[in-house]
>>> print(open('entry-v8.txt').read())   # compact mmCIF, C-alpha atoms and all ligand atoms
# COMPACT_ATOMS: atom_id res chain seq x y z
CA MET Q 1 109.91 56.75 128.49
CA ILE Q 2 108.13 58.44 125.61
CA SER Q 3 110.63 59.21 122.86
CA PHE Q 4 108.80 62.12 121.23
CA ASP Q 5 107.68 65.55 122.44
CA PHE Q 6 104.03 66.50 122.39
CA LYS Q 7 101.86 69.38 123.57
CA TYR Q 8 99.34 68.72 126.31
CA PHE Q 9 95.98 70.51 126.49
CA LYS Q 10 93.24 70.14 129.07
CA PRO Q 11 90.28 72.23 127.86
CA SER Q 12 87.39 72.95 130.22
CA SER Q 13 84.48 72.88 127.78
CA VAL Q 14 83.37 71.08 124.64
CA ALA Q 15 83.69 74.30 122.60
CA GLU Q 16 87.26 74.83 123.82
CA THR Q 17 88.10 71.19 123.03
CA ILE Q 18 86.87 71.46 119.46
CA LYS Q 19 88.69 74.77 119.01
CA THR Q 20 91.90 73.28 120.39
CA TYR Q 21 91.62 70.31 118.05
CA ASN Q 22 91.00 72.57 115.03
CA ASP Q 23 93.86 74.92 116.00
CA VAL Q 24 96.31 72.02 116.20
CA CYS Q 25 95.16 70.63 112.85
CA GLU Q 26 95.36 74.07 111.20
CA GLN Q 27 99.05 74.13 112.11
CA GLY Q 28 99.46 70.89 110.16
CA GLU Q 29 99.89 68.87 113.35
CA LYS Q 30 98.18 65.76 114.65
CA ALA Q 31 96.02 65.81 117.80
CA LEU Q 32 94.78 62.87 119.85
CA PHE Q 33 92.00 62.87 122.46
CA ILE Q 34 92.65 61.00 125.68
CA SER Q 35 90.43 60.23 128.67
CA GLY Q 36 92.42 58.02 131.04
CA GLY Q 37 95.59 58.14 128.95
CA THR Q 38 96.70 54.62 129.89
CA GLU Q 39 96.55 53.28 126.36
CA PHE Q 40 98.14 56.40 124.91
CA ILE Q 41 101.09 56.10 127.32
CA THR Q 42 101.49 52.37 126.70
CA PHE Q 43 101.45 52.76 122.92
CA ALA Q 44 103.61 55.93 122.92
CA ARG Q 45 106.31 54.20 125.00
CA VAL Q 46 106.73 51.51 122.35
CA ASN Q 47 106.36 53.97 119.44
CA LYS Q 48 103.11 52.35 118.34
CA ILE Q 49 101.52 55.78 118.23
CA HIS Q 50 102.76 59.28 117.47
CA THR Q 51 101.03 62.60 117.99
CA ASP Q 52 101.98 66.27 118.15
CA ALA Q 53 99.34 67.11 120.73
CA VAL Q 54 97.23 65.35 123.32
CA ILE Q 55 93.85 66.79 124.28
CA ASP Q 56 92.70 65.52 127.68
CA CYS Q 57 88.91 65.19 128.02
CA LYS Q 58 89.05 65.02 131.82
CA GLY Q 59 88.50 68.79 132.13
CA ILE Q 60 85.19 68.75 130.24
CA PRO Q 61 82.31 68.76 132.76
CA GLU Q 62 80.01 66.71 130.48
CA CYS Q 63 82.62 63.95 130.36
CA ASN Q 64 82.66 63.64 134.15
CA VAL Q 65 78.93 63.20 134.75
CA LEU Q 66 77.81 60.03 136.50
CA GLU Q 67 74.18 60.32 137.55
CA GLN Q 68 70.61 59.36 136.93
CA ARG Q 69 68.64 62.14 135.20
CA GLY Q 70 64.95 61.27 135.08
CA ASP Q 71 64.66 57.95 133.29
CA LYS Q 72 68.22 58.08 131.92
CA LEU Q 73 71.54 57.10 133.42
CA VAL Q 74 74.26 59.39 132.09
CA ILE Q 75 77.92 58.32 132.19
CA GLY Q 76 80.62 60.72 131.03
CA ALA Q 77 83.34 59.36 128.76
CA ALA Q 78 86.06 60.33 131.25
CA VAL Q 79 84.53 58.46 134.20
CA SER Q 80 86.82 55.70 135.46
CA LEU Q 81 85.81 52.05 135.46
CA ASN Q 82 86.14 51.91 139.25
CA LYS Q 83 83.82 54.90 139.71
CA ILE Q 84 81.20 53.20 137.55
CA ALA Q 85 81.48 49.93 139.47
CA ASN Q 86 81.56 51.60 142.90
CA SER Q 87 78.56 53.81 142.15
CA ASN Q 88 76.38 50.71 141.72
CA LEU Q 89 74.14 52.81 139.47
CA PHE Q 90 74.19 50.09 136.80
CA PRO Q 91 75.26 46.78 138.39
CA PHE Q 92 75.46 44.93 135.04
CA LEU Q 93 77.94 47.43 133.62
CA GLY Q 94 79.74 47.53 136.99
CA ALA Q 95 80.13 43.73 137.03
CA THR Q 96 81.52 43.74 133.49
CA VAL Q 97 84.02 46.58 133.87
CA LYS Q 98 85.24 45.17 137.20
CA GLN Q 99 86.67 42.28 135.18
CA ILE Q 100 88.88 44.60 133.11
CA ALA Q 101 92.55 44.99 134.16
CA ASP Q 102 93.61 45.33 137.83
CA HIS Q 103 92.16 47.62 140.50
CA SER Q 104 94.84 50.34 140.19
CA SER Q 105 94.55 50.45 136.40
CA ARG Q 106 90.76 50.73 136.68
CA ASN Q 107 91.21 53.94 138.69
CA LYS Q 108 92.70 55.43 135.51
CA ILE Q 109 91.00 53.55 132.66
CA THR Q 110 87.83 55.33 131.56
CA ILE Q 111 84.74 54.07 129.81
CA GLY Q 112 85.40 56.46 126.89
CA GLY Q 113 88.93 55.15 126.52
CA ASN Q 114 87.78 51.53 126.69
CA ILE Q 115 85.04 51.99 124.07
CA ASN Q 116 87.49 53.80 121.77
CA SER Q 117 90.40 51.49 122.55
CA GLU Q 118 92.59 50.29 119.69
CA LEU Q 119 92.66 46.85 121.33
CA ILE Q 120 90.18 44.22 120.19
CA TYR Q 121 88.44 43.65 123.54
CA LYS Q 122 86.52 46.81 124.57
CA GLU Q 123 84.59 44.78 127.14
CA SER Q 124 82.60 47.71 128.50
CA VAL Q 125 80.75 47.80 125.18
CA LEU Q 126 79.12 44.42 125.82
CA PRO Q 127 76.42 45.55 128.28
CA LEU Q 128 75.90 48.75 126.28
CA LEU Q 129 75.12 46.77 123.11
CA LEU Q 130 72.52 44.78 125.05
CA VAL Q 131 70.69 47.71 126.62
CA ASP Q 132 70.34 49.73 123.39
CA ALA Q 133 72.53 52.50 124.82
CA ASN Q 134 72.77 55.91 123.20
CA VAL Q 135 75.88 58.04 123.04
CA LYS Q 136 76.38 61.78 122.98
CA ILE Q 137 79.09 62.74 120.52
CA THR Q 138 80.35 65.94 118.98
CA LYS Q 139 79.58 66.63 115.33
CA GLY Q 140 81.47 69.62 114.02
CA ASN Q 141 80.69 72.35 116.51
CA ASP Q 142 77.47 70.64 117.61
CA GLU Q 143 76.60 67.78 119.92
CA GLU Q 144 74.19 64.99 119.10
CA ILE Q 145 72.70 61.93 120.73
CA VAL Q 146 72.63 58.81 118.55
CA SER Q 147 72.28 55.09 119.17
CA LEU Q 148 75.55 53.38 120.05
CA THR Q 149 75.05 50.90 117.22
CA SER Q 150 74.86 53.72 114.65
CA VAL Q 151 78.47 54.64 115.45
CA PHE Q 152 79.82 51.37 116.81
CA ASP Q 153 80.34 48.51 114.39
CA ARG Q 154 83.29 46.38 115.47
CA LYS Q 155 84.82 49.65 116.72
CA MET Q 156 83.84 53.25 117.26
CA ASN Q 157 83.57 54.95 113.90
CA LEU Q 158 83.98 58.60 114.82
CA SER Q 159 85.27 61.01 112.21
CA SER Q 160 88.45 62.92 112.83
CA GLY Q 161 87.91 65.54 115.53
CA GLU Q 162 84.73 63.90 116.84
CA LEU Q 163 84.61 63.15 120.51
CA LEU Q 164 82.60 60.73 122.63
CA LEU Q 165 81.09 62.79 125.44
CA GLN Q 166 78.63 60.51 127.22
CA VAL Q 167 76.94 57.13 127.30
CA ILE Q 168 73.19 57.29 128.01
CA ILE Q 169 71.17 54.32 129.24
CA ASP Q 170 67.44 54.02 129.67
CA THR Q 171 66.88 53.12 133.34
CA SER Q 172 64.20 50.56 132.40
CA TYR Q 173 67.09 48.20 131.57
CA ILE Q 174 68.89 48.55 134.85
CA ASP Q 175 66.99 45.97 136.88
CA LEU Q 176 66.86 43.25 134.21
CA PRO Q 177 68.49 39.92 135.13
CA TYR Q 178 72.09 39.84 133.90
CA ILE Q 179 75.27 37.81 133.89
CA SER Q 180 78.81 38.71 132.92
CA LEU Q 181 81.34 35.89 132.63
CA LYS Q 182 84.97 36.22 131.65
CA ARG Q 183 87.54 33.49 131.15
CA THR Q 184 91.25 34.32 130.91
CA LYS Q 185 94.30 32.18 130.23
CA PHE Q 186 95.82 32.32 133.74
CA SER Q 187 94.86 34.83 136.40
CA LYS Q 188 91.77 36.97 136.96
CA VAL Q 189 93.64 39.92 135.44
CA GLY Q 190 94.20 39.36 131.75
CA TYR Q 191 92.73 39.79 128.34
CA PRO Q 192 89.74 37.58 127.78
CA VAL Q 193 89.94 34.21 126.07
CA VAL Q 194 86.18 34.62 126.09
CA SER Q 195 84.01 37.28 127.74
CA VAL Q 196 80.23 36.97 127.57
CA ALA Q 197 77.59 39.37 128.86
CA ALA Q 198 73.88 38.59 128.77
CA ILE Q 199 70.52 39.92 129.89
CA VAL Q 200 66.98 38.62 129.62
CA LYS Q 201 64.44 41.10 128.26
CA ASP Q 202 60.86 40.11 127.50
CA ASN Q 203 61.81 36.47 128.17
CA LEU Q 204 64.46 36.59 125.45
CA LEU Q 205 68.19 36.25 125.99
CA ARG Q 206 70.42 38.98 124.61
CA VAL Q 207 74.10 38.13 124.52
CA ALA Q 208 77.32 39.90 123.52
CA PHE Q 209 80.87 38.62 123.17
CA SER Q 210 84.47 39.80 123.45
CA GLY Q 211 87.63 37.78 122.83
CA VAL Q 212 85.87 35.46 120.37
CA CYS Q 213 86.39 37.48 117.18
CA ASP Q 214 88.80 40.39 116.86
CA TYR Q 215 86.05 42.82 117.86
CA PRO Q 216 83.19 42.80 120.37
CA PHE Q 217 79.82 41.85 118.92
CA ARG Q 218 76.18 40.99 119.39
CA SER Q 219 74.58 38.70 116.81
CA ASP Q 220 70.84 38.53 115.98
CA GLU Q 221 71.31 35.07 114.44
CA MET Q 222 73.04 33.68 117.51
CA GLU Q 223 70.35 35.11 119.78
CA ARG Q 224 67.57 33.69 117.57
CA VAL Q 225 69.05 30.19 117.82
CA LEU Q 226 69.80 30.44 121.55
CA ASN Q 227 66.18 31.47 122.21
CA ASP Q 228 64.67 28.66 120.13
CA SER Q 229 63.29 26.54 122.99
CA VAL Q 230 62.17 23.78 120.61
CA PHE Q 231 65.73 22.43 120.84
CA PRO Q 232 67.71 21.36 123.92
CA VAL Q 233 70.21 23.92 125.22
CA VAL Q 234 73.29 21.93 124.13
CA GLU Q 235 71.97 21.75 120.58
CA ARG Q 236 71.11 25.44 120.55
CA ILE Q 237 74.66 26.28 121.60
CA GLU Q 238 76.14 24.07 118.86
CA LYS Q 239 73.92 25.79 116.28
CA ALA Q 240 74.72 29.26 117.64
CA LEU Q 241 78.43 28.64 117.07
CA ASN Q 242 77.71 28.32 113.34
CA HIS Q 243 76.64 31.96 113.36
CA ILE Q 244 79.77 33.50 114.86
CA PRO Q 245 80.16 36.50 112.54
CA SER Q 246 83.81 36.05 111.56
CA GLN Q 247 86.91 34.02 112.18
CA ILE Q 248 87.57 33.05 115.79
CA VAL Q 249 90.74 34.55 117.26
CA ASP Q 250 93.74 32.23 117.36
CA ASP Q 251 96.63 33.75 119.33
CA LEU Q 252 98.83 33.45 122.40
CA GLN Q 253 95.85 33.86 124.75
CA GLY Q 254 94.23 30.80 123.25
CA SER Q 255 93.99 28.73 120.09
CA ARG Q 256 90.82 28.78 118.00
CA GLU Q 257 89.86 25.29 119.24
CA TYR Q 258 90.42 26.27 122.86
CA ARG Q 259 88.29 29.39 122.48
CA VAL Q 260 85.44 27.32 121.01
CA PHE Q 261 85.71 24.88 123.91
CA VAL Q 262 85.65 27.70 126.47
CA LEU Q 263 82.85 29.52 124.68
CA LYS Q 264 80.62 26.43 124.69
CA ASN Q 265 81.11 26.02 128.42
CA VAL Q 266 80.53 29.69 129.16
CA LEU Q 267 77.35 29.66 127.07
CA LEU Q 268 76.15 26.59 129.00
CA ASP Q 269 76.72 28.50 132.26
CA VAL Q 270 74.91 31.54 130.86
CA MET Q 271 71.90 29.50 129.69
CA GLU Q 272 71.68 27.70 133.01
CA GLU Q 273 72.10 30.82 135.13
CA MET Q 274 69.52 32.72 133.10
CA GLU Q 275 67.13 29.72 133.21
CA MET Q 276 66.85 29.47 129.43
CA GLY Q 277 65.72 25.82 129.41
CA GLU Q 278 67.14 22.32 129.61
C1 LIG Q 301 96.72 45.98 132.83
C2 LIG Q 301 95.69 46.19 131.75
C3 LIG Q 301 94.80 45.16 131.46
C4 LIG Q 301 93.80 45.35 130.51
N1 LIG Q 301 92.87 44.36 130.31
C5 LIG Q 301 91.79 44.61 129.52
C6 LIG Q 301 90.75 43.67 129.40
O1 LIG Q 301 90.79 42.58 129.97
N2 LIG Q 301 89.67 43.99 128.63
C7 LIG Q 301 89.58 45.18 127.96
O2 LIG Q 301 88.56 45.46 127.33
N3 LIG Q 301 90.58 46.07 128.03
C8 LIG Q 301 91.68 45.81 128.78
N4 LIG Q 301 92.69 46.71 128.85
C9 LIG Q 301 92.74 47.77 127.84
C10 LIG Q 301 92.22 48.98 128.36
O3 LIG Q 301 90.88 48.78 128.71
C11 LIG Q 301 92.29 50.11 127.36
O4 LIG Q 301 93.59 50.29 126.93
C12 LIG Q 301 91.77 51.28 128.13
O5 LIG Q 301 90.39 51.10 128.13
C13 LIG Q 301 92.11 52.62 127.68
O6 LIG Q 301 91.41 53.50 128.53
P1 LIG Q 301 91.93 54.96 128.78
O7 LIG Q 301 90.80 55.71 129.39
O8 LIG Q 301 93.20 54.97 129.54
O9 LIG Q 301 92.13 55.36 127.28
P2 LIG Q 301 93.02 56.47 126.59
O10 LIG Q 301 94.46 56.10 126.58
O11 LIG Q 301 92.65 57.80 127.13
O12 LIG Q 301 92.43 56.37 125.10
C14 LIG Q 301 92.34 55.13 124.41
C15 LIG Q 301 91.86 55.42 122.98
O13 LIG Q 301 90.57 55.99 123.01
C16 LIG Q 301 90.55 57.28 122.39
N5 LIG Q 301 89.68 58.11 123.23
C17 LIG Q 301 89.79 58.30 124.57
N6 LIG Q 301 88.78 59.05 125.02
C18 LIG Q 301 88.02 59.38 123.93
C19 LIG Q 301 86.83 60.14 123.75
N7 LIG Q 301 86.21 60.72 124.77
N8 LIG Q 301 86.33 60.26 122.49
C20 LIG Q 301 86.96 59.69 121.45
N9 LIG Q 301 88.07 58.93 121.56
C21 LIG Q 301 88.60 58.78 122.79
C22 LIG Q 301 91.98 57.76 122.41
O14 LIG Q 301 92.24 58.65 121.34
C23 LIG Q 301 92.74 56.44 122.24
O15 LIG Q 301 92.78 56.05 120.88
C24 LIG Q 301 93.70 46.55 129.79
C25 LIG Q 301 94.62 47.58 130.07
C26 LIG Q 301 95.60 47.42 131.03
C27 LIG Q 301 96.53 48.54 131.31
>>> encode(input="entry-v8.txt", output="structure tokens")
Amino acid sequence: MISFDFKYFKPSSVAETIKTYNDVCEQGEKALFISGGTEFITFARVNKIHTDAVIDCKGIPECNVLEQRGDKLVIGAAVSLNKIANSNLFPFLGATVKQIADHSSRNKITIGGNINSELIYKESVLPLLLVDANVKITKGNDEEIVSLTSVFDRKMNLSSGELLLQVIIDTSYIDLPYISLKRTKFSKVGYPVVSVAAIVKDNLLRVAFSGVCDYPFRSDEMERVLNDSVFPVVERIEKALNHIPSQIVDDLQGSREYRVFVLKNVLLDVMEEMEMGE
């Protein structure tokens, strides 16, 4: 049960959404955007979040797009993880999001909600960081397309009232060789101890991580070392671990030492699968 009352809005355009948000704020109240609403409900039930109004993005046509337009694949923020996986429009993203939660939850969880999640994992970001994805966001009353990395650093850095509308991927990335490996503590369904996604572009490995630090990341230094074929793979992996950008997570899912052990093994599998040398 949610212990507080809140207003629910489901606008049918971007303009109406922005107006609704501004109207709520002008009354001195707090508004929260939702896409799938699963995280909002979970957090509201345990009083981890409070809001006066919820604005549901599911009614905005732009947020429900899932199609190839010319040389771009466009994915609306309110598209569910299962729809993305089942469409097979971007198998790498599909393979990664299929590892998040259970099948029923993935019918509700959206890509917009996962990218903007308050949790540390945000696994759907991993492929997007590797394929230089762009995002369409609202800026005031306007919309603009910017690179994901210009607004995503550890987490989405949208200003208050800004909304993620779409993720846009250049289709030239879609057929690149990829791998997405996730290791959890017990079952297939669970937060990652380590989740690694990788592609090879122009003979170079690109790799992104979730579960290792308390945010998803891609590291130039780690990629440089992993691609340095002068050294054997095992040595490259050891060196890459020195470039993990911040402290390794140590929690109930796994101790720091265990995560390092799992990460080494997952990286070995990635290097072997992607034929990155001996
Ligand atoms: C059983 C279960 C297992 C899970 N396992 C994993 C896992 O292994 N890996 C993982 O990465 N995640 C996992 N999750 C977390 C889950 O992915 C997130 O909580 C989920 O992505 C939220 O999606 P949603 O669409 O329901 O988000 P919502 O509840 O709609 O929103 C989540 C957050 O995003 C913001 N938001 C939503 N849409 C927008 C938008 N368009 N623009 C701006 N901000 C927006 C909201 O304000 C809110 O802060 C799991 C969740 C469950 C229930």
>>> atom_distance(input="entry-v8.txt", atom1="atom O8 of ligand LIG 301 (chain Q)", atom2="atom CA of Gly190 of chain Q")
15.8 Å
>>> atom_distance(input="entry-v8.txt", atom1="atom CA of Leu129 of chain Q", atom2="atom O2 of ligand LIG 301 (chain Q)")
14.1 Å
>>> residues_around(input="entry-v8.txt", residues="Glu144 of chain Q", least_positions_apart="2", cutoff="12 Å", atoms="only C-alpha atoms", output="mmCIF file with C-alpha atoms, in the coordinates of the input")
data_model
loop_
_atom_site.group_PDB
_atom_site.id
_atom_site.type_symbol
_atom_site.label_atom_id
_atom_site.label_comp_id
_atom_site.auth_asym_id
_atom_site.auth_seq_id
_atom_site.Cartn_x
_atom_site.Cartn_y
_atom_site.Cartn_z
ATOM 1 C CA ASN Q 134 72.770 55.910 123.200
ATOM 2 C CA VAL Q 135 75.880 58.040 123.040
ATOM 3 C CA LYS Q 136 76.380 61.780 122.980
ATOM 4 C CA ILE Q 137 79.090 62.740 120.520
ATOM 5 C CA THR Q 138 80.350 65.940 118.980
ATOM 6 C CA LYS Q 139 79.580 66.630 115.330
ATOM 7 C CA GLY Q 140 81.470 69.620 114.020
ATOM 8 C CA ASN Q 141 80.690 72.350 116.510
ATOM 9 C CA ASP Q 142 77.470 70.640 117.610
ATOM 10 C CA VAL Q 146 72.630 58.810 118.550
ATOM 11 C CA SER Q 147 72.280 55.090 119.170
ATOM 12 C CA LEU Q 148 75.550 53.380 120.050
ATOM 13 C CA VAL Q 151 78.470 54.640 115.450
ATOM 14 C CA GLU Q 162 84.730 63.900 116.840
ATOM 15 C CA LEU Q 163 84.610 63.150 120.510
ATOM 16 C CA LEU Q 164 82.600 60.730 122.630
ATOM 17 C CA LEU Q 165 81.090 62.790 125.440
ATOM 18 C CA GLN Q 166 78.630 60.510 127.220
ATOM 19 C CA VAL Q 167 76.940 57.130 127.300
ATOM 20 C CA ILE Q 168 73.190 57.290 128.010
#
>>> residues_near_ligand(input="entry-v8.txt", ligand="ligand LIG 301 (chain Q)", cutoff="7 Å", atoms="only C-alpha atoms and all ligand atoms", output="PDB file with C-alpha atoms, keeping the file's coordinate frame")
ATOM      1  CA  LEU Q  32      94.780  62.870 119.850  1.00  0.00           C
ATOM      2  CA  PHE Q  33      92.000  62.870 122.460  1.00  0.00           C
ATOM      3  CA  ILE Q  34      92.650  61.000 125.680  1.00  0.00           C
ATOM      4  CA  SER Q  35      90.430  60.230 128.670  1.00  0.00           C
ATOM      5  CA  GLY Q  36      92.420  58.020 131.040  1.00  0.00           C
ATOM      6  CA  GLY Q  37      95.590  58.140 128.950  1.00  0.00           C
ATOM      7  CA  THR Q  38      96.700  54.620 129.890  1.00  0.00           C
ATOM      8  CA  GLU Q  39      96.550  53.280 126.360  1.00  0.00           C
ATOM      9  CA  PHE Q  40      98.140  56.400 124.910  1.00  0.00           C
ATOM     10  CA  ILE Q  41     101.090  56.100 127.320  1.00  0.00           C
ATOM     11  CA  CYS Q  57      88.910  65.190 128.020  1.00  0.00           C
ATOM     12  CA  ALA Q  77      83.340  59.360 128.760  1.00  0.00           C
ATOM     13  CA  ALA Q  78      86.060  60.330 131.250  1.00  0.00           C
ATOM     14  CA  GLN Q  99      86.670  42.280 135.180  1.00  0.00           C
ATOM     15  CA  ILE Q 100      88.880  44.600 133.110  1.00  0.00           C
ATOM     16  CA  ALA Q 101      92.550  44.990 134.160  1.00  0.00           C
ATOM     17  CA  ASP Q 102      93.610  45.330 137.830  1.00  0.00           C
ATOM     18  CA  SER Q 105      94.550  50.450 136.400  1.00  0.00           C
ATOM     19  CA  LYS Q 108      92.700  55.430 135.510  1.00  0.00           C
ATOM     20  CA  ILE Q 109      91.000  53.550 132.660  1.00  0.00           C
ATOM     21  CA  THR Q 110      87.830  55.330 131.560  1.00  0.00           C
ATOM     22  CA  ILE Q 111      84.740  54.070 129.810  1.00  0.00           C
ATOM     23  CA  GLY Q 112      85.400  56.460 126.890  1.00  0.00           C
ATOM     24  CA  GLY Q 113      88.930  55.150 126.520  1.00  0.00           C
ATOM     25  CA  ASN Q 114      87.780  51.530 126.690  1.00  0.00           C
ATOM     26  CA  ILE Q 115      85.040  51.990 124.070  1.00  0.00           C
ATOM     27  CA  ASN Q 116      87.490  53.800 121.770  1.00  0.00           C
ATOM     28  CA  SER Q 117      90.400  51.490 122.550  1.00  0.00           C
ATOM     29  CA  GLU Q 118      92.590  50.290 119.690  1.00  0.00           C
ATOM     30  CA  LEU Q 119      92.660  46.850 121.330  1.00  0.00           C
ATOM     31  CA  TYR Q 121      88.440  43.650 123.540  1.00  0.00           C
ATOM     32  CA  LYS Q 122      86.520  46.810 124.570  1.00  0.00           C
ATOM     33  CA  GLU Q 123      84.590  44.780 127.140  1.00  0.00           C
ATOM     34  CA  SER Q 124      82.600  47.710 128.500  1.00  0.00           C
ATOM     35  CA  GLU Q 162      84.730  63.900 116.840  1.00  0.00           C
ATOM     36  CA  LEU Q 163      84.610  63.150 120.510  1.00  0.00           C
ATOM     37  CA  LEU Q 164      82.600  60.730 122.630  1.00  0.00           C
ATOM     38  CA  LEU Q 165      81.090  62.790 125.440  1.00  0.00           C
ATOM     39  CA  VAL Q 189      93.640  39.920 135.440  1.00  0.00           C
ATOM     40  CA  GLY Q 190      94.200  39.360 131.750  1.00  0.00           C
ATOM     41  CA  TYR Q 191      92.730  39.790 128.340  1.00  0.00           C
ATOM     42  CA  PRO Q 192      89.740  37.580 127.780  1.00  0.00           C
TER      43      PRO Q 192
END
>>> residues_around(input="entry-v8.txt", residues="Asn265 of chain Q", least_positions_apart="5", cutoff="12 Å", atoms="all atoms listed in the file", output="number ranges by chain")
Q: 181-183, 194-196, 233-234, 237-238, 241, 258-260, 270-272
>>> atom_distance(input="entry-v8.txt", atom1="atom CA of Val225 of chain Q", atom2="atom CA of Ile244 of chain Q")
11.6 Å
>>> closest_residue(input="entry-v8.txt", among="Q:Leu263, Q:Ser246, Q:Ser87, Q:Ala53", to="Cys25 of chain Q", atoms="all atoms listed in the file")
Q:Ala53
>>> closest_residue(input="entry-v8.txt", among="Q:Tyr21, Q:Phe4, Q:Phe9, Q:Phe261", to="Ala44 of chain Q", atoms="only C-alpha atoms")
Q:Phe4
>>> closest_residue(input="entry-v8.txt", among="Q:Ser172, Q:Lys239, Q:Ser13, Q:Gln253", to="Ser187 of chain Q", atoms="all atoms listed in the file")
Q:Gln253
>>> closest_residue(input="entry-v8.txt", among="Q:Ser210, Q:Arg218, Q:Glu67, Q:Ala85", to="Asp132 of chain Q", atoms="all atoms listed in the file")
Q:Arg218
>>> residues_around(input="entry-v8.txt", residues="Ser229 of chain Q", least_positions_apart="6", cutoff="9 Å", atoms="only C-alpha atoms", output="ChimeraX atom specification")
/Q:236,276-278
>>> residues_around(input="entry-v8.txt", residues="Leu93 of chain Q", least_positions_apart="5", cutoff="9 Å", atoms="only C-alpha atoms", output="ChimeraX atom specification")
/Q:84-85,88,98,124-128,180
>>> residues_around(input="entry-v8.txt", residues="Ile2 of chain Q", least_positions_apart="3", cutoff="10 Å", atoms="only C-alpha atoms", output="PyMOL selection string")
chain Q and resi 5-6+41-47+50
>>> axis_aligned_box(input="entry-v8.txt", around="segment 212-226 of chain Q", padding_each_side="3 Å", output="JSON")
{"center_x": 78.2, "center_y": 36.5, "center_z": 118.0, "size_x": 27.2, "size_y": 18.6, "size_z": 13.1}
>>> closest_residue(input="entry-v8.txt", among="Q:Asn107, Q:Thr184, Q:Gln247, Q:Ser159", to="Tyr215 of chain Q", atoms="all atoms listed in the file")
Q:Gln247
>>> residues_near_point(input="entry-v8.txt", point="(92.2, 70.1, 125.3)", cutoff="10 Å", atoms="all atoms listed in the file", output="list in words")
Lys7, Tyr8, Phe9, Lys10, Pro11, Ser12, Ser13, Val14, Ala15, Glu16, Thr17, Ile18, Lys19, Thr20, Tyr21, Ala31, Leu32, Phe33, Ile34, Ala53, Val54, Ile55, Asp56, Cys57, Lys58, Gly59 and Ile60 of chain Q
>>> closest_residue(input="entry-v8.txt", among="Q:Val74, Q:Val193, Q:Cys213, Q:Ile179", to="Ile145 of chain Q", atoms="only C-alpha atoms")
Q:Val74
>>> decode(input="entry-v8.txt", residues="segment 187-220 of chain Q", atoms="C-alpha atoms", output="CSV table (one decimal), in the first residue's frame")
chain,number,residue,atom,x,y,z
Q,187,SER,CA,19.3,-17.3,-9.8
Q,188,LYS,CA,19.1,-15.9,-13.3
Q,189,VAL,CA,16.8,-13.2,-11.9
Q,190,GLY,CA,18.7,-10.8,-9.6
Q,191,TYR,CA,20.8,-7.7,-9.5
Q,192,PRO,CA,24.2,-8.2,-11.1
Q,193,VAL,CA,27.3,-9.1,-9.2
Q,194,VAL,CA,28.9,-8.2,-12.5
Q,195,SER,CA,27.3,-7.4,-15.8
Q,196,VAL,CA,29.5,-6.8,-18.9
Q,197,ALA,CA,28.5,-5.8,-22.4
Q,198,ALA,CA,31.0,-5.6,-25.2
Q,199,ILE,CA,31.2,-5.0,-29.0
Q,200,VAL,CA,34.0,-5.0,-31.5
Q,201,LYS,CA,34.2,-2.0,-33.7
Q,202,ASP,CA,37.1,-1.5,-36.1
Q,203,ASN,CA,38.9,-4.4,-34.6
Q,204,LEU,CA,38.8,-2.8,-31.1
Q,205,LEU,CA,36.9,-4.0,-28.1
Q,206,ARG,CA,34.5,-1.6,-26.4
Q,207,VAL,CA,33.3,-2.7,-23.0
Q,208,ALA,CA,30.9,-1.4,-20.4
Q,209,PHE,CA,30.2,-2.6,-16.8
Q,210,SER,CA,27.4,-2.7,-14.3
Q,211,GLY,CA,27.5,-4.0,-10.7
Q,212,VAL,CA,31.3,-3.3,-10.4
Q,213,CYS,CA,31.1,0.3,-9.2
Q,214,ASP,CA,28.0,1.9,-7.9
Q,215,TYR,CA,27.2,3.2,-11.3
Q,216,PRO,CA,27.4,1.8,-14.9
Q,217,PHE,CA,30.5,2.9,-16.8
Q,218,ARG,CA,32.7,2.6,-19.8
Q,219,SER,CA,36.4,3.3,-19.4
Q,220,ASP,CA,38.8,4.5,-22.1
